[in-house]
Amino acid sequence: MSTDSTSLKLKKEIEEAADFLPLLGTDYIELYVGNAKQSALYYQAAWGFQPLAFSGLETGNKQSASYVLVQDKIRLVLTSPLKEGGPINRHIDKHGDGVKVVALWVDDARKSYQETVKRGARSYMEPKSIEDENGEVVLSGIHTYGETVHVFVERKNYHGAFMPGFKPWNPAYQPEGTGLKYIDHMVGNVGWNEMGKWCEFYAHVMGFAQLVSFDDKDISTDYTALMSKVMSNGNGRIKFPINEPAEGKKKSQIEEYIEFYNGAGVQHVALATDNIIETVKKLQQRGVEFLKVPSTYYDTVLDRVGQIDEDLEPLKELGILIDRDDEGYLLQLFTKPVLDRPTMFFEIIQRKGAKSFGKGNFKALFEAIEREQKLRGTL
Ligand SMILES: [Fe+2]
């Protein structure tokens, strides 16, 4: 058995933490992309997202087109500009396709704005109410790392498909889901020596606390060096691990990300499933590509993690990784970057009690990433 068992507890940095910014969950993630129409089809066909709402020329929006997709509690918005110039084009030029908005579902978007700006957040969008025949949504927003922003969404008085400005989108093609349920966590990559600053931001401006675990130690190896800390809101529904590069023998995946994204940004979004074997099988059949660890990983994994409910064979076949902490175990798997730039990827995770993030898999994983980096000539 491994001796590096992971223990986790929430360290309250400030006592009123949970009170001044109650977050009900992630409302949506918005990506700025070069071609939202085609990206939408990718997330439908490969990932099993369902069409929900649309905004664009047909709805009177002459500036941009947005497709809203949903799978259980996960909402994805894909946005492309319709004209030259402007902030969306500039964002895509600089970063490639990537996450612009991590929207947080709140009861009171005005108060969320006041409380965070008062504590030092940089304003992105002053509170505004938007209305249509289905009611009212109140939005406000603040900046976080890089050019990423948090939009606070108050939708308690809204009954439409998504929000005013959007119409229901109901295309003929509606492929089957893949069993993805909710966003488990979302990881940000920030620049050299910036992890502390952004953890501080989440603690003092957003009222988050640090999830203390052995994961937050320096996880540099011979292969890839990085530092990581996990910040969580009071009710644990929002978890943001923050990575920064660390000095290593080779160029780390974090540096590669920062180079191609031209700065800090969302590195990966972890999507939870209740049945990772079925979910990953479907995703692979539909063309989603995952990182593979060598099959020797499975020779010793049970010595490390102990007994699990699943048969090892299908896990091995699909390349699903296993890790354990004091509270249980987890199954996880990472995609290759889903864009041409080696920037954003997804994680699929099934928790069976464990509350940590798979530290025991880092070494095997980094070796797999290193092989991919070598192919890209960016190691
Ligand atoms: Fe993760």
# chains A, B, ... in the order shown; residues from 1 in each chain; ligands from 1
>>> select_by_dssp(residues="range 245-330 of chain A", states="strand (DSSP E)", output="PyMOL selection string")
chain A and resi 245+265-273+321-325+328-330
>>> closest_atom_pairs(of="chain A", to="ligand 1", cutoff="8 Å", atoms="only C-alpha atoms and all ligand atoms", output="JSON lines")
{"residue": "A:His185", "atom": "CA", "partner": "ligand 1", "partner_atom_place_in_ligand_line": "1 (Fe)", "distance": 6.5}
{"residue": "A:Met186", "atom": "CA", "partner": "ligand 1", "partner_atom_place_in_ligand_line": "1 (Fe)", "distance": 6.9}
{"residue": "A:Val187", "atom": "CA", "partner": "ligand 1", "partner_atom_place_in_ligand_line": "1 (Fe)", "distance": 6.5}
{"residue": "A:Pro241", "atom": "CA", "partner": "ligand 1", "partner_atom_place_in_ligand_line": "1 (Fe)", "distance": 7.7}
{"residue": "A:His268", "atom": "CA", "partner": "ligand 1", "partner_atom_place_in_ligand_line": "1 (Fe)", "distance": 6.7}
{"residue": "A:Val269", "atom": "CA", "partner": "ligand 1", "partner_atom_place_in_ligand_line": "1 (Fe)", "distance": 7.0}
{"residue": "A:Ala270", "atom": "CA", "partner": "ligand 1", "partner_atom_place_in_ligand_line": "1 (Fe)", "distance": 5.5}
{"residue": "A:Glu347", "atom": "CA", "partner": "ligand 1", "partner_atom_place_in_ligand_line": "1 (Fe)", "distance": 6.0}
{"residue": "A:Phe357", "atom": "CA", "partner": "ligand 1", "partner_atom_place_in_ligand_line": "1 (Fe)", "distance": 5.8}
{"residue": "A:Gly358", "atom": "CA", "partner": "ligand 1", "partner_atom_place_in_ligand_line": "1 (Fe)", "distance": 7.5}
>>> write_last_selection(atoms="N, CA and C atoms", output="PDB file, in the first residue's frame")
ATOM      1  N   HIS A 185     -14.748  19.895 -11.102  1.00  0.00           N
ATOM      2  CA  HIS A 185     -13.828  20.987 -10.796  1.00  0.00           C
ATOM      3  C   HIS A 185     -13.298  21.567 -12.097  1.00  0.00           C
ATOM      4  N   MET A 186     -12.698  22.726 -11.991  1.00  0.00           N
ATOM      5  CA  MET A 186     -12.197  23.409 -13.174  1.00  0.00           C
ATOM      6  C   MET A 186     -10.839  24.003 -12.835  1.00  0.00           C
ATOM      7  N   VAL A 187      -9.834  23.692 -13.621  1.00  0.00           N
ATOM      8  CA  VAL A 187      -8.462  24.024 -13.239  1.00  0.00           C
ATOM      9  C   VAL A 187      -7.942  25.207 -14.050  1.00  0.00           C
ATOM     10  N   PRO A 241      -8.853  24.185  -8.670  1.00  0.00           N
ATOM     11  CA  PRO A 241      -7.408  24.030  -8.500  1.00  0.00           C
ATOM     12  C   PRO A 241      -6.679  25.061  -9.370  1.00  0.00           C
ATOM     13  N   HIS A 268      -8.204  22.655 -17.611  1.00  0.00           N
ATOM     14  CA  HIS A 268      -9.131  21.549 -17.857  1.00  0.00           C
ATOM     15  C   HIS A 268     -10.392  21.663 -17.039  1.00  0.00           C
ATOM     16  N   VAL A 269     -11.430  21.072 -17.597  1.00  0.00           N
ATOM     17  CA  VAL A 269     -12.728  21.026 -16.956  1.00  0.00           C
ATOM     18  C   VAL A 269     -12.992  19.555 -16.667  1.00  0.00           C
ATOM     19  N   ALA A 270     -13.244  19.248 -15.401  1.00  0.00           N
ATOM     20  CA  ALA A 270     -13.491  17.851 -15.027  1.00  0.00           C
ATOM     21  C   ALA A 270     -14.991  17.606 -14.963  1.00  0.00           C
ATOM     22  N   GLU A 347     -11.315  16.299 -18.280  1.00  0.00           N
ATOM     23  CA  GLU A 347     -11.123  15.126 -17.429  1.00  0.00           C
ATOM     24  C   GLU A 347     -12.495  14.491 -17.227  1.00  0.00           C
ATOM     25  N   PHE A 357      -7.890  14.685  -5.958  1.00  0.00           N
ATOM     26  CA  PHE A 357      -7.870  14.960  -7.392  1.00  0.00           C
ATOM     27  C   PHE A 357      -6.959  14.030  -8.195  1.00  0.00           C
ATOM     28  N   GLY A 358      -6.535  12.940  -7.575  1.00  0.00           N
ATOM     29  CA  GLY A 358      -5.783  11.944  -8.351  1.00  0.00           C
ATOM     30  C   GLY A 358      -4.283  12.091  -8.303  1.00  0.00           C
TER      31      GLY A 358
END
>>> closest_residue(among="A:Arg341, A:Lys128, A:Lys167, A:Arg119", to="Glu256 in chain A", atoms="only C-alpha atoms")
A:Arg341
>>> select_by_dssp(residues="range 183-354 of chain A", states="helix (DSSP H, G or I)", output="MDAnalysis selection string")
chainID A and resid 195:205 214:216 253:261 276:285 297:305 312:318
>>> atom_distance(atom1="CA of Glu327 in chain A", atom2="CA of Lys355 in chain A")
7.0 Å
>>> closest_residue(among="A:Trp105, A:Tyr182, A:Tyr124, A:Phe240", to="Arg155 in chain A", atoms="only C-alpha atoms")
A:Trp105
>>> residues_around(residues="range 33-38 of chain A", least_positions_apart="4", cutoff="9 Å", atoms="only C-alpha atoms", output="VMD selection string")
chain A and resid 42 to 43 65 to 67 77 to 81 88 to 89 92 96 to 99
>>> write_last_selection(atoms="N, CA and C atoms", output="short mmCIF file (atom, residue, chain, number, x, y, z; two decimals), in the first residue's frame")
data_model
loop_
_atom_site.label_atom_id
_atom_site.label_comp_id
_atom_site.auth_asym_id
_atom_site.auth_seq_id
_atom_site.Cartn_x
_atom_site.Cartn_y
_atom_site.Cartn_z
N TYR A 42 -19.56 19.35 -32.74
CA TYR A 42 -18.55 18.50 -32.08
C TYR A 42 -19.02 18.09 -30.69
N TYR A 43 -19.49 19.08 -29.91
CA TYR A 43 -19.91 18.75 -28.54
C TYR A 43 -21.19 17.92 -28.53
N ALA A 65 -22.66 34.86 -32.61
CA ALA A 65 -23.57 33.71 -32.60
C ALA A 65 -23.18 32.85 -31.40
N SER A 66 -24.18 32.42 -30.63
CA SER A 66 -23.92 31.56 -29.48
C SER A 66 -24.86 30.37 -29.50
N TYR A 67 -24.27 29.21 -29.25
CA TYR A 67 -25.04 27.97 -29.13
C TYR A 67 -24.93 27.49 -27.69
N VAL A 77 -21.65 27.14 -23.43
CA VAL A 77 -22.03 28.15 -24.41
C VAL A 77 -20.84 28.33 -25.35
N LEU A 78 -21.11 28.27 -26.65
CA LEU A 78 -20.05 28.41 -27.65
C LEU A 78 -20.35 29.66 -28.47
N THR A 79 -19.41 30.59 -28.48
CA THR A 79 -19.67 31.89 -29.09
C THR A 79 -18.63 32.26 -30.12
N SER A 80 -19.08 32.71 -31.28
CA SER A 80 -18.19 33.21 -32.34
C SER A 80 -18.64 34.59 -32.77
N PRO A 81 -17.68 35.45 -33.14
CA PRO A 81 -18.06 36.77 -33.64
C PRO A 81 -18.58 36.66 -35.07
N ILE A 88 -14.12 39.65 -29.04
CA ILE A 88 -14.16 38.18 -29.20
C ILE A 88 -13.10 37.74 -30.21
N ASN A 89 -13.03 38.46 -31.33
CA ASN A 89 -11.99 38.15 -32.32
C ASN A 89 -10.60 38.28 -31.72
N ILE A 92 -9.84 35.33 -29.52
CA ILE A 92 -9.54 34.11 -30.29
C ILE A 92 -8.17 34.21 -30.95
N GLY A 96 -6.57 31.43 -29.12
CA GLY A 96 -7.22 30.30 -29.77
C GLY A 96 -8.58 30.08 -29.11
N ASP A 97 -9.26 28.98 -29.45
CA ASP A 97 -10.52 28.69 -28.76
C ASP A 97 -10.21 28.48 -27.28
N GLY A 98 -11.06 28.99 -26.43
CA GLY A 98 -10.81 28.79 -25.00
C GLY A 98 -11.94 29.33 -24.15
N VAL A 99 -11.85 29.03 -22.87
CA VAL A 99 -12.90 29.43 -21.94
C VAL A 99 -12.76 30.92 -21.62
#
>>> closest_residue(among="A:Arg110, A:Lys250, A:His95, A:Lys336", to="Phe290 in chain A", atoms="only C-alpha atoms")
A:Lys336
>>> residues_around(residues="Asp27 in chain A", least_positions_apart="6", cutoff="10 Å", atoms="only C-alpha atoms", output="ChimeraX atom specification")
/A:73-76,102-106,151-155,183
>>> write_last_selection(atoms="N, CA and C atoms", output="PDB file, in the first residue's frame")
ATOM      1  N   LYS A  73     -26.440  18.596 -15.610  1.00  0.00           N
ATOM      2  CA  LYS A  73     -26.274  19.933 -15.008  1.00  0.00           C
ATOM      3  C   LYS A  73     -25.205  20.770 -15.708  1.00  0.00           C
ATOM      4  N   ILE A  74     -24.601  20.237 -16.769  1.00  0.00           N
ATOM      5  CA  ILE A  74     -23.498  20.949 -17.429  1.00  0.00           C
ATOM      6  C   ILE A  74     -24.050  21.790 -18.580  1.00  0.00           C
ATOM      7  N   ARG A  75     -23.793  23.087 -18.524  1.00  0.00           N
ATOM      8  CA  ARG A  75     -24.207  23.956 -19.634  1.00  0.00           C
ATOM      9  C   ARG A  75     -22.979  24.578 -20.271  1.00  0.00           C
ATOM     10  N   LEU A  76     -22.924  24.459 -21.592  1.00  0.00           N
ATOM     11  CA  LEU A  76     -21.792  24.935 -22.371  1.00  0.00           C
ATOM     12  C   LEU A  76     -22.309  25.979 -23.354  1.00  0.00           C
ATOM     13  N   VAL A 102     -16.499  31.689 -16.838  1.00  0.00           N
ATOM     14  CA  VAL A 102     -16.927  30.650 -15.897  1.00  0.00           C
ATOM     15  C   VAL A 102     -18.054  31.298 -15.108  1.00  0.00           C
ATOM     16  N   ALA A 103     -19.290  30.985 -15.494  1.00  0.00           N
ATOM     17  CA  ALA A 103     -20.440  31.665 -14.910  1.00  0.00           C
ATOM     18  C   ALA A 103     -20.901  30.934 -13.657  1.00  0.00           C
ATOM     19  N   LEU A 104     -21.178  31.707 -12.633  1.00  0.00           N
ATOM     20  CA  LEU A 104     -21.548  31.138 -11.342  1.00  0.00           C
ATOM     21  C   LEU A 104     -22.991  31.506 -11.021  1.00  0.00           C
ATOM     22  N   TRP A 105     -23.720  30.531 -10.592  1.00  0.00           N
ATOM     23  CA  TRP A 105     -25.147  30.665 -10.315  1.00  0.00           C
ATOM     24  C   TRP A 105     -25.319  31.214  -8.897  1.00  0.00           C
ATOM     25  N   VAL A 106     -25.978  32.355  -8.802  1.00  0.00           N
ATOM     26  CA  VAL A 106     -26.143  32.997  -7.493  1.00  0.00           C
ATOM     27  C   VAL A 106     -27.598  33.401  -7.270  1.00  0.00           C
ATOM     28  N   VAL A 151     -18.939  35.441 -14.456  1.00  0.00           N
ATOM     29  CA  VAL A 151     -20.207  36.152 -14.561  1.00  0.00           C
ATOM     30  C   VAL A 151     -21.135  35.556 -13.507  1.00  0.00           C
ATOM     31  N   PHE A 152     -21.732  36.431 -12.693  1.00  0.00           N
ATOM     32  CA  PHE A 152     -22.715  35.982 -11.706  1.00  0.00           C
ATOM     33  C   PHE A 152     -24.090  35.989 -12.379  1.00  0.00           C
ATOM     34  N   VAL A 153     -24.784  34.877 -12.295  1.00  0.00           N
ATOM     35  CA  VAL A 153     -26.077  34.739 -12.964  1.00  0.00           C
ATOM     36  C   VAL A 153     -27.168  34.525 -11.917  1.00  0.00           C
ATOM     37  N   GLU A 154     -28.097  35.473 -11.881  1.00  0.00           N
ATOM     38  CA  GLU A 154     -29.258  35.337 -10.989  1.00  0.00           C
ATOM     39  C   GLU A 154     -30.465  35.044 -11.867  1.00  0.00           C
ATOM     40  N   ARG A 155     -31.017  33.845 -11.723  1.00  0.00           N
ATOM     41  CA  ARG A 155     -32.088  33.448 -12.635  1.00  0.00           C
ATOM     42  C   ARG A 155     -33.335  32.972 -11.906  1.00  0.00           C
ATOM     43  N   ILE A 183     -20.138  19.509 -13.437  1.00  0.00           N
ATOM     44  CA  ILE A 183     -18.730  19.898 -13.423  1.00  0.00           C
ATOM     45  C   ILE A 183     -18.176  19.620 -12.030  1.00  0.00           C
TER      46      ILE A 183
END
>>> closest_residue(among="A:Phe362, A:Trp169, A:Phe334, A:Tyr32", to="Glu58 in chain A", atoms="only C-alpha atoms")
A:Trp169
>>> residues_around(residues="Lys197 in chain A", least_positions_apart="5", cutoff="12 Å", atoms="only C-alpha atoms", output="PyMOL selection string")
chain A and resi 144-145+190-192+202-205+229+242-244
>>> write_last_selection(atoms="N, CA and C atoms", output="PDB file, in the first residue's frame")
ATOM      1  N   THR A 144     -11.001  37.357 -13.470  1.00  0.00           N
ATOM      2  CA  THR A 144     -10.125  36.489 -12.689  1.00  0.00           C
ATOM      3  C   THR A 144      -8.799  36.359 -13.451  1.00  0.00           C
ATOM      4  N   TYR A 145      -8.112  35.219 -13.326  1.00  0.00           N
ATOM      5  CA  TYR A 145      -6.786  35.083 -13.949  1.00  0.00           C
ATOM      6  C   TYR A 145      -6.836  35.228 -15.475  1.00  0.00           C
ATOM      7  N   VAL A 190      -1.868  29.366 -14.224  1.00  0.00           N
ATOM      8  CA  VAL A 190      -1.413  30.749 -14.133  1.00  0.00           C
ATOM      9  C   VAL A 190       0.105  30.782 -14.292  1.00  0.00           C
ATOM     10  N   GLY A 191       0.649  31.977 -14.438  1.00  0.00           N
ATOM     11  CA  GLY A 191       2.077  32.117 -14.753  1.00  0.00           C
ATOM     12  C   GLY A 191       2.992  31.840 -13.566  1.00  0.00           C
ATOM     13  N   TRP A 192       4.297  31.976 -13.823  1.00  0.00           N
ATOM     14  CA  TRP A 192       5.313  31.750 -12.791  1.00  0.00           C
ATOM     15  C   TRP A 192       5.009  32.552 -11.540  1.00  0.00           C
ATOM     16  N   TYR A 202      -9.075  34.091  -4.622  1.00  0.00           N
ATOM     17  CA  TYR A 202     -10.268  33.277  -4.353  1.00  0.00           C
ATOM     18  C   TYR A 202     -10.607  33.264  -2.859  1.00  0.00           C
ATOM     19  N   ALA A 203      -9.599  33.369  -2.020  1.00  0.00           N
ATOM     20  CA  ALA A 203      -9.868  33.380  -0.585  1.00  0.00           C
ATOM     21  C   ALA A 203     -10.499  34.707  -0.167  1.00  0.00           C
ATOM     22  N   HIS A 204      -9.867  35.806  -0.525  1.00  0.00           N
ATOM     23  CA  HIS A 204     -10.291  37.084   0.043  1.00  0.00           C
ATOM     24  C   HIS A 204     -11.376  37.784  -0.751  1.00  0.00           C
ATOM     25  N   VAL A 205     -11.360  37.630  -2.073  1.00  0.00           N
ATOM     26  CA  VAL A 205     -12.363  38.308  -2.888  1.00  0.00           C
ATOM     27  C   VAL A 205     -13.622  37.454  -3.044  1.00  0.00           C
ATOM     28  N   LYS A 229      -2.650  24.215  -6.008  1.00  0.00           N
ATOM     29  CA  LYS A 229      -3.455  24.350  -4.795  1.00  0.00           C
ATOM     30  C   LYS A 229      -4.915  24.345  -5.200  1.00  0.00           C
ATOM     31  N   ILE A 242      -5.589  25.606  -8.829  1.00  0.00           N
ATOM     32  CA  ILE A 242      -4.777  26.583  -9.562  1.00  0.00           C
ATOM     33  C   ILE A 242      -3.368  26.006  -9.701  1.00  0.00           C
ATOM     34  N   ASN A 243      -2.886  25.926 -10.924  1.00  0.00           N
ATOM     35  CA  ASN A 243      -1.525  25.426 -11.184  1.00  0.00           C
ATOM     36  C   ASN A 243      -0.601  26.561 -11.577  1.00  0.00           C
ATOM     37  N   GLU A 244       0.654  26.455 -11.162  1.00  0.00           N
ATOM     38  CA  GLU A 244       1.680  27.315 -11.739  1.00  0.00           C
ATOM     39  C   GLU A 244       2.862  26.433 -12.128  1.00  0.00           C
TER      40      GLU A 244
END
>>> residues_around(residues="Asn170 in chain A", least_positions_apart="4", cutoff="12 Å", atoms="only C-alpha atoms", output="list of chain:residue names")
A:Gln50, A:Pro51, A:Leu52, A:Ala53, A:Phe54, A:Tyr67, A:Val68, A:Leu69, A:Ala161, A:Gln174
>>> closest_residue(among="A:Tyr158, A:Ile142, A:Met231, A:Leu379", to="Gly248 in chain A", atoms="only C-alpha atoms")
A:Leu379
>>> atom_distance(atom1="CA of Gln253 in chain A", atom2="CA of Ile276 in chain A")
25.2 Å
>>> closest_residue(among="A:Met206, A:Glu247, A:Gly56, A:Gly135", to="Phe166 in chain A", atoms="only C-alpha atoms")
A:Gly56
>>> residues_around(residues="Val101 in chain A", least_positions_apart="6", cutoff="9 Å", atoms="only C-alpha atoms", output="compact mmCIF listing (two decimals) with N, CA and C atoms, in the first residue's frame")
# COMPACT_ATOMS: atom_id res chain seq x y z
N TYR A 28 -22.83 28.20 -16.22
CA TYR A 28 -22.41 27.75 -17.55
C TYR A 28 -20.95 28.06 -17.75
N ILE A 29 -20.37 27.45 -18.76
CA ILE A 29 -19.02 27.79 -19.20
C ILE A 29 -19.15 28.29 -20.63
N GLU A 30 -18.58 29.45 -20.91
CA GLU A 30 -18.64 29.96 -22.28
C GLU A 30 -17.26 29.95 -22.90
N LEU A 31 -17.19 29.33 -24.07
CA LEU A 31 -15.94 29.34 -24.83
C LEU A 31 -16.09 30.29 -26.01
N TYR A 32 -15.07 31.11 -26.23
CA TYR A 32 -14.99 31.86 -27.47
C TYR A 32 -14.28 30.95 -28.47
N THR A 148 -9.81 35.55 -18.34
CA THR A 148 -10.98 34.77 -17.95
C THR A 148 -11.83 35.62 -17.00
N VAL A 149 -13.13 35.44 -17.07
CA VAL A 149 -14.00 36.22 -16.18
C VAL A 149 -15.02 35.30 -15.49
N HIS A 150 -15.53 35.78 -14.36
CA HIS A 150 -16.66 35.14 -13.71
C HIS A 150 -17.88 36.03 -13.92
N VAL A 151 -18.94 35.44 -14.46
CA VAL A 151 -20.21 36.15 -14.56
C VAL A 151 -21.14 35.56 -13.51
